[in-house]
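Below is model-v7.tsv, which holds TSV, C-alpha atoms and all ligand atoms.
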chain	number	residue	atom	x	y	z
A	1	MET	CA	-12.63	18.53	5.58
A	2	VAL	CA	-9.03	17.66	4.62
A	3	LYS	CA	-9.79	14.02	5.40
A	4	HIS	CA	-12.68	14.07	2.94
A	5	LEU	CA	-10.44	15.64	0.30
A	6	HIS	CA	-7.81	12.97	1.03
A	7	MET	CA	-10.41	10.25	0.59
A	8	LEU	CA	-11.67	11.86	-2.61
A	9	PHE	CA	-8.13	11.87	-4.06
A	10	MET	CA	-7.72	8.29	-2.82
A	11	LEU	CA	-10.73	7.34	-4.95
A	12	LEU	CA	-9.65	9.43	-7.94
A	13	ALA	CA	-6.14	7.91	-7.81
A	14	VAL	CA	-7.39	4.34	-8.11
A	15	LEU	CA	-9.97	5.34	-10.74
A	16	SER	CA	-7.28	7.08	-12.80
A	17	PHE	CA	-5.16	3.91	-12.66
A	18	VAL	CA	-8.04	1.69	-13.76
A	19	GLY	CA	-8.99	4.31	-16.36
A	20	ARG	CA	-5.49	4.42	-17.85
A	21	VAL	CA	-5.35	0.62	-18.11
A	22	GLY	CA	-8.75	0.72	-19.83
A	23	LEU	CA	-7.70	3.50	-22.21
A	24	GLN	CA	-4.53	1.63	-23.13
A	25	LYS	CA	-6.65	-1.31	-24.20
A	26	PHE	CA	-9.59	0.45	-25.86
A	27	LYS	CA	-8.53	4.02	-26.73
A	28	PRO	CA	-4.71	4.22	-26.64
A	29	ASP	CA	-4.67	7.54	-28.57
A	30	LEU	CA	-6.30	9.27	-25.62
A	31	LEU	CA	-3.28	8.45	-23.42
A	32	GLU	CA	-1.39	11.09	-25.42
A	33	ASN	CA	-3.92	13.72	-24.38
A	34	LYS	CA	-2.28	16.39	-22.18
A	35	LEU	CA	-5.00	16.29	-19.52
A	36	VAL	CA	-4.97	12.48	-19.36
A	37	LYS	CA	-1.18	12.63	-18.98
A	38	VAL	CA	-1.10	15.27	-16.25
A	39	ALA	CA	-4.17	14.28	-14.20
A	40	PRO	CA	-2.74	11.16	-12.46
A	41	HIS	CA	0.32	13.10	-11.29
A	42	ALA	CA	-1.79	15.99	-10.04
A	43	ILE	CA	-4.12	13.58	-8.19
A	44	ALA	CA	-1.23	11.62	-6.66
A	45	SER	CA	0.48	14.84	-5.52
A	46	LEU	CA	-2.73	16.10	-3.91
A	47	LEU	CA	-3.26	12.70	-2.25
A	48	VAL	CA	0.21	12.86	-0.69
A	49	LEU	CA	-0.15	16.56	0.18
A	50	THR	CA	-3.48	16.09	1.97
A	51	GLY	CA	-1.95	13.03	3.70
A	52	ILE	CA	0.92	15.18	5.02
A	53	VAL	CA	-1.55	17.86	6.20
A	54	LEU	CA	-3.53	15.14	8.03
A	55	VAL	CA	-0.37	13.90	9.78
A	56	PHE	CA	0.12	17.37	11.31
A	57	GLN	CA	-3.56	18.09	11.84
A	58	GLY	CA	-4.12	14.85	13.74
A	59	GLY	CA	-0.93	15.19	15.79
A	60	TRP	CA	0.17	11.81	14.41
A	61	ALA	CA	3.78	13.04	14.17
A	62	GLN	CA	3.98	12.97	17.98
A	63	GLY	CA	2.93	9.37	18.23
A	64	ASP	CA	3.59	6.07	16.53
A	65	MET	CA	4.06	6.80	12.83
A	66	GLY	CA	4.57	3.18	11.78
A	67	TRP	CA	1.26	2.98	9.96
A	68	VAL	CA	1.97	6.26	8.08
A	69	TYR	CA	5.41	5.01	6.96
A	70	SER	CA	3.79	1.76	5.89
A	71	LYS	CA	1.34	3.73	3.73
A	72	VAL	CA	4.11	5.78	2.11
A	73	ILE	CA	6.22	2.67	1.34
A	74	LEU	CA	3.22	0.82	-0.09
A	75	LEU	CA	2.29	3.87	-2.16
A	76	PHE	CA	5.71	3.57	-3.87
A	77	VAL	CA	5.08	-0.15	-4.42
A	78	PHE	CA	1.67	0.72	-5.92
A	79	VAL	CA	3.25	3.30	-8.27
A	80	GLY	CA	5.95	0.80	-9.30
A	81	LEU	CA	3.39	-1.93	-10.02
A	82	GLY	CA	1.30	0.65	-11.89
A	83	LEU	CA	4.22	1.60	-14.13
A	84	TYR	CA	4.98	-2.09	-14.70
A	85	THR	CA	1.33	-2.70	-15.59
A	86	MET	CA	1.40	0.03	-18.24
A	87	LYS	CA	4.67	-1.27	-19.73
A	88	SER	CA	4.00	-5.01	-19.82
A	89	GLU	CA	1.75	-7.23	-21.89
A	90	GLY	CA	-0.46	-10.29	-21.48
A	91	MET	CA	-0.62	-12.24	-18.23
A	92	LYS	CA	2.19	-10.19	-16.66
A	93	LYS	CA	0.17	-7.03	-17.21
A	94	TRP	CA	-2.97	-8.36	-15.53
A	95	ALA	CA	-1.01	-9.93	-12.67
A	96	ALA	CA	0.72	-6.59	-12.02
A	97	ALA	CA	-2.59	-4.71	-12.22
A	98	ALA	CA	-4.22	-7.12	-9.76
A	99	ALA	CA	-1.23	-6.87	-7.41
A	100	ALA	CA	-1.35	-3.04	-7.62
A	101	LEU	CA	-5.04	-3.05	-6.68
A	102	LEU	CA	-4.45	-5.48	-3.80
A	103	ILE	CA	-1.70	-3.22	-2.46
A	104	TYR	CA	-4.04	-0.24	-2.79
A	105	PHE	CA	-6.77	-1.96	-0.77
A	106	TYR	CA	-4.15	-2.94	1.80
A	107	ILE	CA	-3.22	0.78	2.13
A	108	ILE	CA	-6.89	1.62	2.70
A	109	GLY	CA	-7.02	-1.13	5.35
A	110	ILE	CA	-3.97	0.39	7.09
A	111	ALA	CA	-5.58	3.86	6.89
A	112	PHE	CA	-8.63	2.66	8.81
A	113	SER	CA	-6.93	0.29	11.25
A	114	LYS	CA	-3.82	2.50	11.81
A	115	GLN	CA	-2.00	-0.81	11.92
A	116	GLY	CA	1.01	-0.90	9.61
A	117	PHE	CA	3.83	-3.39	9.30
A	118	ILE	CA	6.54	-1.16	10.85
A	201	LIG	C1	2.04	9.90	1.63
A	201	LIG	C2	0.90	9.30	1.61
A	201	LIG	C3	-0.14	9.37	2.71
A	201	LIG	C4	-0.11	9.93	3.97
A	201	LIG	C5	1.03	10.68	4.64
A	201	LIG	C6	-1.43	9.69	4.56
A	201	LIG	C7	-1.80	10.06	5.84
A	201	LIG	C8	-3.07	9.96	6.37
A	201	LIG	C9	-3.50	10.47	7.65
A	201	LIG	C10	-2.60	11.19	8.66
A	201	LIG	C11	-4.82	10.20	7.77
A	201	LIG	C12	-5.74	10.68	8.92
A	201	LIG	C13	-6.07	9.61	9.89
A	201	LIG	C14	-7.03	10.11	10.93
A	201	LIG	O1	-6.91	11.25	11.37
A	201	LIG	O2	-7.90	9.33	11.32
A	201	LIG	C15	-5.23	9.48	6.59
A	201	LIG	C16	-6.50	9.00	6.36
A	201	LIG	C17	-6.84	8.18	5.33
A	201	LIG	N1	-6.02	7.80	4.29
A	201	LIG	FE1	-4.12	8.44	3.97
A	201	LIG	N2	-2.19	8.98	3.68
A	201	LIG	C18	-1.43	8.76	2.54
A	201	LIG	C19	-1.81	8.07	1.44
A	201	LIG	C20	-2.99	7.37	1.32
A	201	LIG	C21	-3.32	6.46	0.26
A	201	LIG	C22	-2.42	6.14	-0.92
A	201	LIG	C23	-4.56	5.97	0.52
A	201	LIG	C24	-5.37	4.97	-0.25
A	201	LIG	C25	-4.88	3.93	-0.79
A	201	LIG	C26	-5.03	6.57	1.74
A	201	LIG	C27	-6.25	6.33	2.33
A	201	LIG	C28	-6.73	6.94	3.48
A	201	LIG	C29	-8.05	6.76	4.03
A	201	LIG	C30	-9.14	5.85	3.46
A	201	LIG	C31	-8.12	7.54	5.20
A	201	LIG	C32	-9.30	7.67	6.17
A	201	LIG	C33	-9.12	6.74	7.35
A	201	LIG	C34	-10.07	7.02	8.49
A	201	LIG	O3	-11.06	7.72	8.34
A	201	LIG	O4	-9.80	6.49	9.59
A	201	LIG	N3	-4.05	7.41	2.21
A	201	LIG	N4	-4.16	9.34	5.75
Please, can you express the file's structure as structure tokens?
Amino acid sequence: MVKHLHMLFMLLAVLSFVGRVGLQKFKPDLLENKLVKVAPHAIASLLVLTGIVLVFQGGWAQGDMGWVYSKVILLFVFVGLGLYTMKSEGMKKWAAAAAALLIYFYIIGIAFSKQGFI
């Protein structure tokens, strides 16, 4: 149940990133909308919260947490690249967006394989 919620927020988080990049290009006014501003933070918080619940629920805290730490670190990298994407222009913007998405898919890979880099 919590895992499904976690995976739902995982999907919503990446969609909200792609959506914000799209809005910036085609409908920048909408980025000022309160809901559009708050939603990504709410989704990210719920993603992390359900992740923490899963750590306890699955008893992962008793074992090797390397893959969980890897996910948390990469989540910060994803957020950083996301912020950079929104702030930059031209090739830099698209390179940062592509890198952010690659990192995100890497996190999903770690989630399934439980094989981090720590
Ligand atoms: C602080 C952040 C996070 C923590 C603490 C966390 C923790 C966890 C834990 C403990 C599980 C359960 C594993 C299991 O019982 O099999 C899980 C599953 C999963 N997480 Fe996260 N997660 C976090 C962020 C993310 C992010 C950012 C993504 C996507 C990019 C993600 C994608 C997934 C997926 C796809 C699964 C399901 C894996 C499976 O069914 O084997 N998680 N996560």
Item checked: Two-atom distance - atom C22 of ligand LIG 201 (chain A), atom CA of Val36 of chain A (Å) ->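 Computing the Euclidean distance for atom C22 of ligand LIG 201 (chain A) and atom CA of Val36 of chain A yields 19.7 Å.
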Nearby polymer residues, ligand LIG 201 (chain A), at most 6 Å, all atoms listed in the file, as number ranges by chain
A: 7, 10, 48, 51-52, 54-55, 58, 68, 71-72, 75, 104, 107-108, 111-112
Could the residues in this selection be written to a file with C-alpha atoms, as a PDB file, in the frame of the given file?
ATOM      1  CA  MET A   7     -10.410  10.250   0.590  1.00  0.00           C
ATOM      2  CA  MET A  10      -7.720   8.290  -2.820  1.00  0.00           C
ATOM      3  CA  VAL A  48       0.210  12.860  -0.690  1.00  0.00           C
ATOM      4  CA  GLY A  51      -1.950  13.030   3.700  1.00  0.00           C
ATOM      5  CA  ILE A  52       0.920  15.180   5.020  1.00  0.00           C
ATOM      6  CA  LEU A  54      -3.530  15.140   8.030  1.00  0.00           C
ATOM      7  CA  VAL A  55      -0.370  13.900   9.780  1.00  0.00           C
ATOM      8  CA  GLY A  58      -4.120  14.850  13.740  1.00  0.00           C
ATOM      9  CA  VAL A  68       1.970   6.260   8.080  1.00  0.00           C
ATOM     10  CA  LYS A  71       1.340   3.730   3.730  1.00  0.00           C
ATOM     11  CA  VAL A  72       4.110   5.780   2.110  1.00  0.00           C
ATOM     12  CA  LEU A  75       2.290   3.870  -2.160  1.00  0.00           C
ATOM     13  CA  TYR A 104      -4.040  -0.240  -2.790  1.00  0.00           C
ATOM     14  CA  ILE A 107      -3.220   0.780   2.130  1.00  0.00           C
ATOM     15  CA  ILE A 108      -6.890   1.620   2.700  1.00  0.00           C
ATOM     16  CA  ALA A 111      -5.580   3.860   6.890  1.00  0.00           C
ATOM     17  CA  PHE A 112      -8.630   2.660   8.810  1.00  0.00           C
TER      18      PHE A 112
END
So, with only C-alpha atoms as the atoms that count, which of A:Leu8, A:Leu74, A:Leu23, A:Val18 lies closest to Trp94 of chain A?
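Result for the nearest residue to Trp94 of chain A: A:Val18.
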How far is it from atom CA of Val14 of chain A to atom CA of Ile110 of chain A, in Å with one decimal?
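Separating atom CA of Val14 of chain A from atom CA of Ile110 of chain A is a distance of 16.1 Å.
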Extending 3 Å beyond the listed atoms of segment 97-100 of chain A on each side, what axis-aligned box results? I want centre and edge lengths in Å to one decimal, as JSON.
{"center_x": -2.7, "center_y": -5.1, "center_z": -9.8, "size_x": 9.0, "size_y": 10.1, "size_z": 10.8}
Pick from A:Val21, A:Ala44, A:Ile73, A:Leu49 nearest to Met86 of chain A, counting all atoms listed in the file: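 Closest residue, counting all atoms listed in the file: A:Val21.
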Closest of A:Leu11, A:Ser16, A:Leu5, A:Thr50 to Leu35 of chain A, counting only C-alpha atoms, is A:Ser16
Which residue, A:Gly59, A:Ala97, A:Gln115, A:His4, has the smallest gap to Gly19 of chain A when you use all atoms listed in the file?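 Of A:Gly59, A:Ala97, A:Gln115, A:His4, the one nearest Gly19 of chain A, counting all atoms listed in the file, is A:Ala97.
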Just the number, please: distance in Å from atom CA of Phe17 of chain A to atom CA of Lys3 of chain A, one decimal.
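For atom CA of Phe17 of chain A relative to atom CA of Lys3 of chain A, the distance reads 21.2 Å.
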Using only C-alpha atoms for the distances, tell me which of A:Leu12, A:Leu31, A:Val53, A:Met65 is nearest to Phe117 of chain A.
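Counting only C-alpha atoms, the residue closest to Phe117 of chain A is A:Met65.
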If we draw a sphere of 12 Å around (5.7, -2.6, -12.4), which residues have at least one atom in it when counting only C-alpha atoms? Please report them as a PyMOL selection string. chain A and resi 76-89+92-100
Legend entry - Selected residue, from A:Leu101, A:Lys25, A:Tyr106, A:Gln62, that lies nearest to Ala13 of chain A when counting all atoms listed in the file: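 Nearest to Ala13 of chain A: A:Leu101.
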With N, CA and C atoms as the goal, would you fill in the gaps in segment 52-84 of chain A and present it as a PDB file, keeping the file's coordinate frame?
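Once written, selection11.pdb looks like this:
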ATOM      1  N   ILE A  52      -0.057  14.501   4.157  1.00  0.00           N
ATOM      2  CA  ILE A  52       0.920  15.180   5.020  1.00  0.00           C
ATOM      3  C   ILE A  52       0.199  16.176   5.936  1.00  0.00           C
ATOM      4  N   VAL A  53      -0.775  16.906   5.376  1.00  0.00           N
ATOM      5  CA  VAL A  53      -1.550  17.860   6.200  1.00  0.00           C
ATOM      6  C   VAL A  53      -2.243  17.098   7.333  1.00  0.00           C
ATOM      7  N   LEU A  54      -2.812  15.929   7.016  1.00  0.00           N
ATOM      8  CA  LEU A  54      -3.530  15.140   8.030  1.00  0.00           C
ATOM      9  C   LEU A  54      -2.599  14.665   9.141  1.00  0.00           C
ATOM     10  N   VAL A  55      -1.336  14.348   8.770  1.00  0.00           N
ATOM     11  CA  VAL A  55      -0.370  13.900   9.780  1.00  0.00           C
ATOM     12  C   VAL A  55      -0.194  14.997  10.835  1.00  0.00           C
ATOM     13  N   PHE A  56      -0.077  16.258  10.364  1.00  0.00           N
ATOM     14  CA  PHE A  56       0.120  17.370  11.310  1.00  0.00           C
ATOM     15  C   PHE A  56      -1.176  17.708  12.035  1.00  0.00           C
ATOM     16  N   GLN A  57      -2.266  17.731  11.260  1.00  0.00           N
ATOM     17  CA  GLN A  57      -3.560  18.090  11.840  1.00  0.00           C
ATOM     18  C   GLN A  57      -3.965  17.133  12.965  1.00  0.00           C
ATOM     19  N   GLY A  58      -3.695  15.854  12.763  1.00  0.00           N
ATOM     20  CA  GLY A  58      -4.120  14.850  13.740  1.00  0.00           C
ATOM     21  C   GLY A  58      -3.106  14.639  14.850  1.00  0.00           C
ATOM     22  N   GLY A  59      -1.975  15.369  14.781  1.00  0.00           N
ATOM     23  CA  GLY A  59      -0.930  15.190  15.790  1.00  0.00           C
ATOM     24  C   GLY A  59      -0.290  13.814  15.711  1.00  0.00           C
ATOM     25  N   TRP A  60      -0.369  13.165  14.550  1.00  0.00           N
ATOM     26  CA  TRP A  60       0.170  11.810  14.410  1.00  0.00           C
ATOM     27  C   TRP A  60       1.695  11.811  14.515  1.00  0.00           C
ATOM     28  N   ALA A  61       2.312  12.973  14.155  1.00  0.00           N
ATOM     29  CA  ALA A  61       3.780  13.040  14.170  1.00  0.00           C
ATOM     30  C   ALA A  61       4.336  12.866  15.577  1.00  0.00           C
ATOM     31  N   GLN A  62       3.498  13.124  16.605  1.00  0.00           N
ATOM     32  CA  GLN A  62       3.980  12.970  17.980  1.00  0.00           C
ATOM     33  C   GLN A  62       3.905  11.514  18.451  1.00  0.00           C
ATOM     34  N   GLY A  63       3.149  10.741  17.754  1.00  0.00           N
ATOM     35  CA  GLY A  63       2.930   9.370  18.230  1.00  0.00           C
ATOM     36  C   GLY A  63       3.633   8.332  17.379  1.00  0.00           C
ATOM     37  N   ASP A  64       3.037   7.175  17.301  1.00  0.00           N
ATOM     38  CA  ASP A  64       3.590   6.070  16.530  1.00  0.00           C
ATOM     39  C   ASP A  64       3.232   6.270  15.056  1.00  0.00           C
ATOM     40  N   MET A  65       4.291   6.490  14.252  1.00  0.00           N
ATOM     41  CA  MET A  65       4.060   6.800  12.830  1.00  0.00           C
ATOM     42  C   MET A  65       4.190   5.565  11.939  1.00  0.00           C
ATOM     43  N   GLY A  66       4.344   4.386  12.556  1.00  0.00           N
ATOM     44  CA  GLY A  66       4.570   3.180  11.780  1.00  0.00           C
ATOM     45  C   GLY A  66       3.561   2.980  10.660  1.00  0.00           C
ATOM     46  N   TRP A  67       2.294   3.202  10.965  1.00  0.00           N
ATOM     47  CA  TRP A  67       1.260   2.980   9.960  1.00  0.00           C
ATOM     48  C   TRP A  67       1.372   4.000   8.807  1.00  0.00           C
ATOM     49  N   VAL A  68       1.816   5.253   9.130  1.00  0.00           N
ATOM     50  CA  VAL A  68       1.970   6.260   8.080  1.00  0.00           C
ATOM     51  C   VAL A  68       3.138   5.877   7.165  1.00  0.00           C
ATOM     52  N   TYR A  69       4.272   5.446   7.777  1.00  0.00           N
ATOM     53  CA  TYR A  69       5.410   5.010   6.960  1.00  0.00           C
ATOM     54  C   TYR A  69       5.010   3.830   6.086  1.00  0.00           C
ATOM     55  N   SER A  70       4.237   2.919   6.671  1.00  0.00           N
ATOM     56  CA  SER A  70       3.790   1.760   5.890  1.00  0.00           C
ATOM     57  C   SER A  70       3.012   2.214   4.668  1.00  0.00           C
ATOM     58  N   LYS A  71       2.132   3.227   4.857  1.00  0.00           N
ATOM     59  CA  LYS A  71       1.340   3.730   3.730  1.00  0.00           C
ATOM     60  C   LYS A  71       2.237   4.320   2.647  1.00  0.00           C
ATOM     61  N   VAL A  72       3.230   5.117   3.086  1.00  0.00           N
ATOM     62  CA  VAL A  72       4.110   5.780   2.110  1.00  0.00           C
ATOM     63  C   VAL A  72       4.887   4.727   1.306  1.00  0.00           C
ATOM     64  N   ILE A  73       5.449   3.715   2.031  1.00  0.00           N
ATOM     65  CA  ILE A  73       6.220   2.670   1.340  1.00  0.00           C
ATOM     66  C   ILE A  73       5.329   1.937   0.340  1.00  0.00           C
ATOM     67  N   LEU A  74       4.118   1.569   0.789  1.00  0.00           N
ATOM     68  CA  LEU A  74       3.220   0.820  -0.090  1.00  0.00           C
ATOM     69  C   LEU A  74       2.743   1.667  -1.264  1.00  0.00           C
ATOM     70  N   LEU A  75       2.677   2.991  -1.054  1.00  0.00           N
ATOM     71  CA  LEU A  75       2.290   3.870  -2.160  1.00  0.00           C
ATOM     72  C   LEU A  75       3.336   3.779  -3.272  1.00  0.00           C
ATOM     73  N   PHE A  76       4.639   3.736  -2.875  1.00  0.00           N
ATOM     74  CA  PHE A  76       5.710   3.570  -3.870  1.00  0.00           C
ATOM     75  C   PHE A  76       5.567   2.236  -4.583  1.00  0.00           C
ATOM     76  N   VAL A  77       5.254   1.175  -3.815  1.00  0.00           N
ATOM     77  CA  VAL A  77       5.080  -0.150  -4.420  1.00  0.00           C
ATOM     78  C   VAL A  77       3.924  -0.095  -5.432  1.00  0.00           C
ATOM     79  N   PHE A  78       2.832   0.591  -5.030  1.00  0.00           N
ATOM     80  CA  PHE A  78       1.670   0.720  -5.920  1.00  0.00           C
ATOM     81  C   PHE A  78       2.074   1.438  -7.217  1.00  0.00           C
ATOM     82  N   VAL A  79       2.829   2.541  -7.087  1.00  0.00           N
ATOM     83  CA  VAL A  79       3.250   3.300  -8.270  1.00  0.00           C
ATOM     84  C   VAL A  79       4.130   2.421  -9.168  1.00  0.00           C
ATOM     85  N   GLY A  80       5.062   1.682  -8.535  1.00  0.00           N
ATOM     86  CA  GLY A  80       5.950   0.800  -9.300  1.00  0.00           C
ATOM     87  C   GLY A  80       5.162  -0.262 -10.055  1.00  0.00           C
ATOM     88  N   LEU A  81       4.218  -0.892  -9.373  1.00  0.00           N
ATOM     89  CA  LEU A  81       3.390  -1.930 -10.020  1.00  0.00           C
ATOM     90  C   LEU A  81       2.540  -1.303 -11.127  1.00  0.00           C
ATOM     91  N   GLY A  82       2.093  -0.055 -10.879  1.00  0.00           N
ATOM     92  CA  GLY A  82       1.300   0.650 -11.890  1.00  0.00           C
ATOM     93  C   GLY A  82       2.105   0.905 -13.151  1.00  0.00           C
ATOM     94  N   LEU A  83       3.354   1.359 -12.968  1.00  0.00           N
ATOM     95  CA  LEU A  83       4.220   1.600 -14.130  1.00  0.00           C
ATOM     96  C   LEU A  83       4.471   0.294 -14.874  1.00  0.00           C
ATOM     97  N   TYR A  84       4.725  -0.781 -14.098  1.00  0.00           N
ATOM     98  CA  TYR A  84       4.980  -2.090 -14.700  1.00  0.00           C
ATOM     99  C   TYR A  84       3.745  -2.573 -15.473  1.00  0.00           C
TER     100      TYR A  84
END
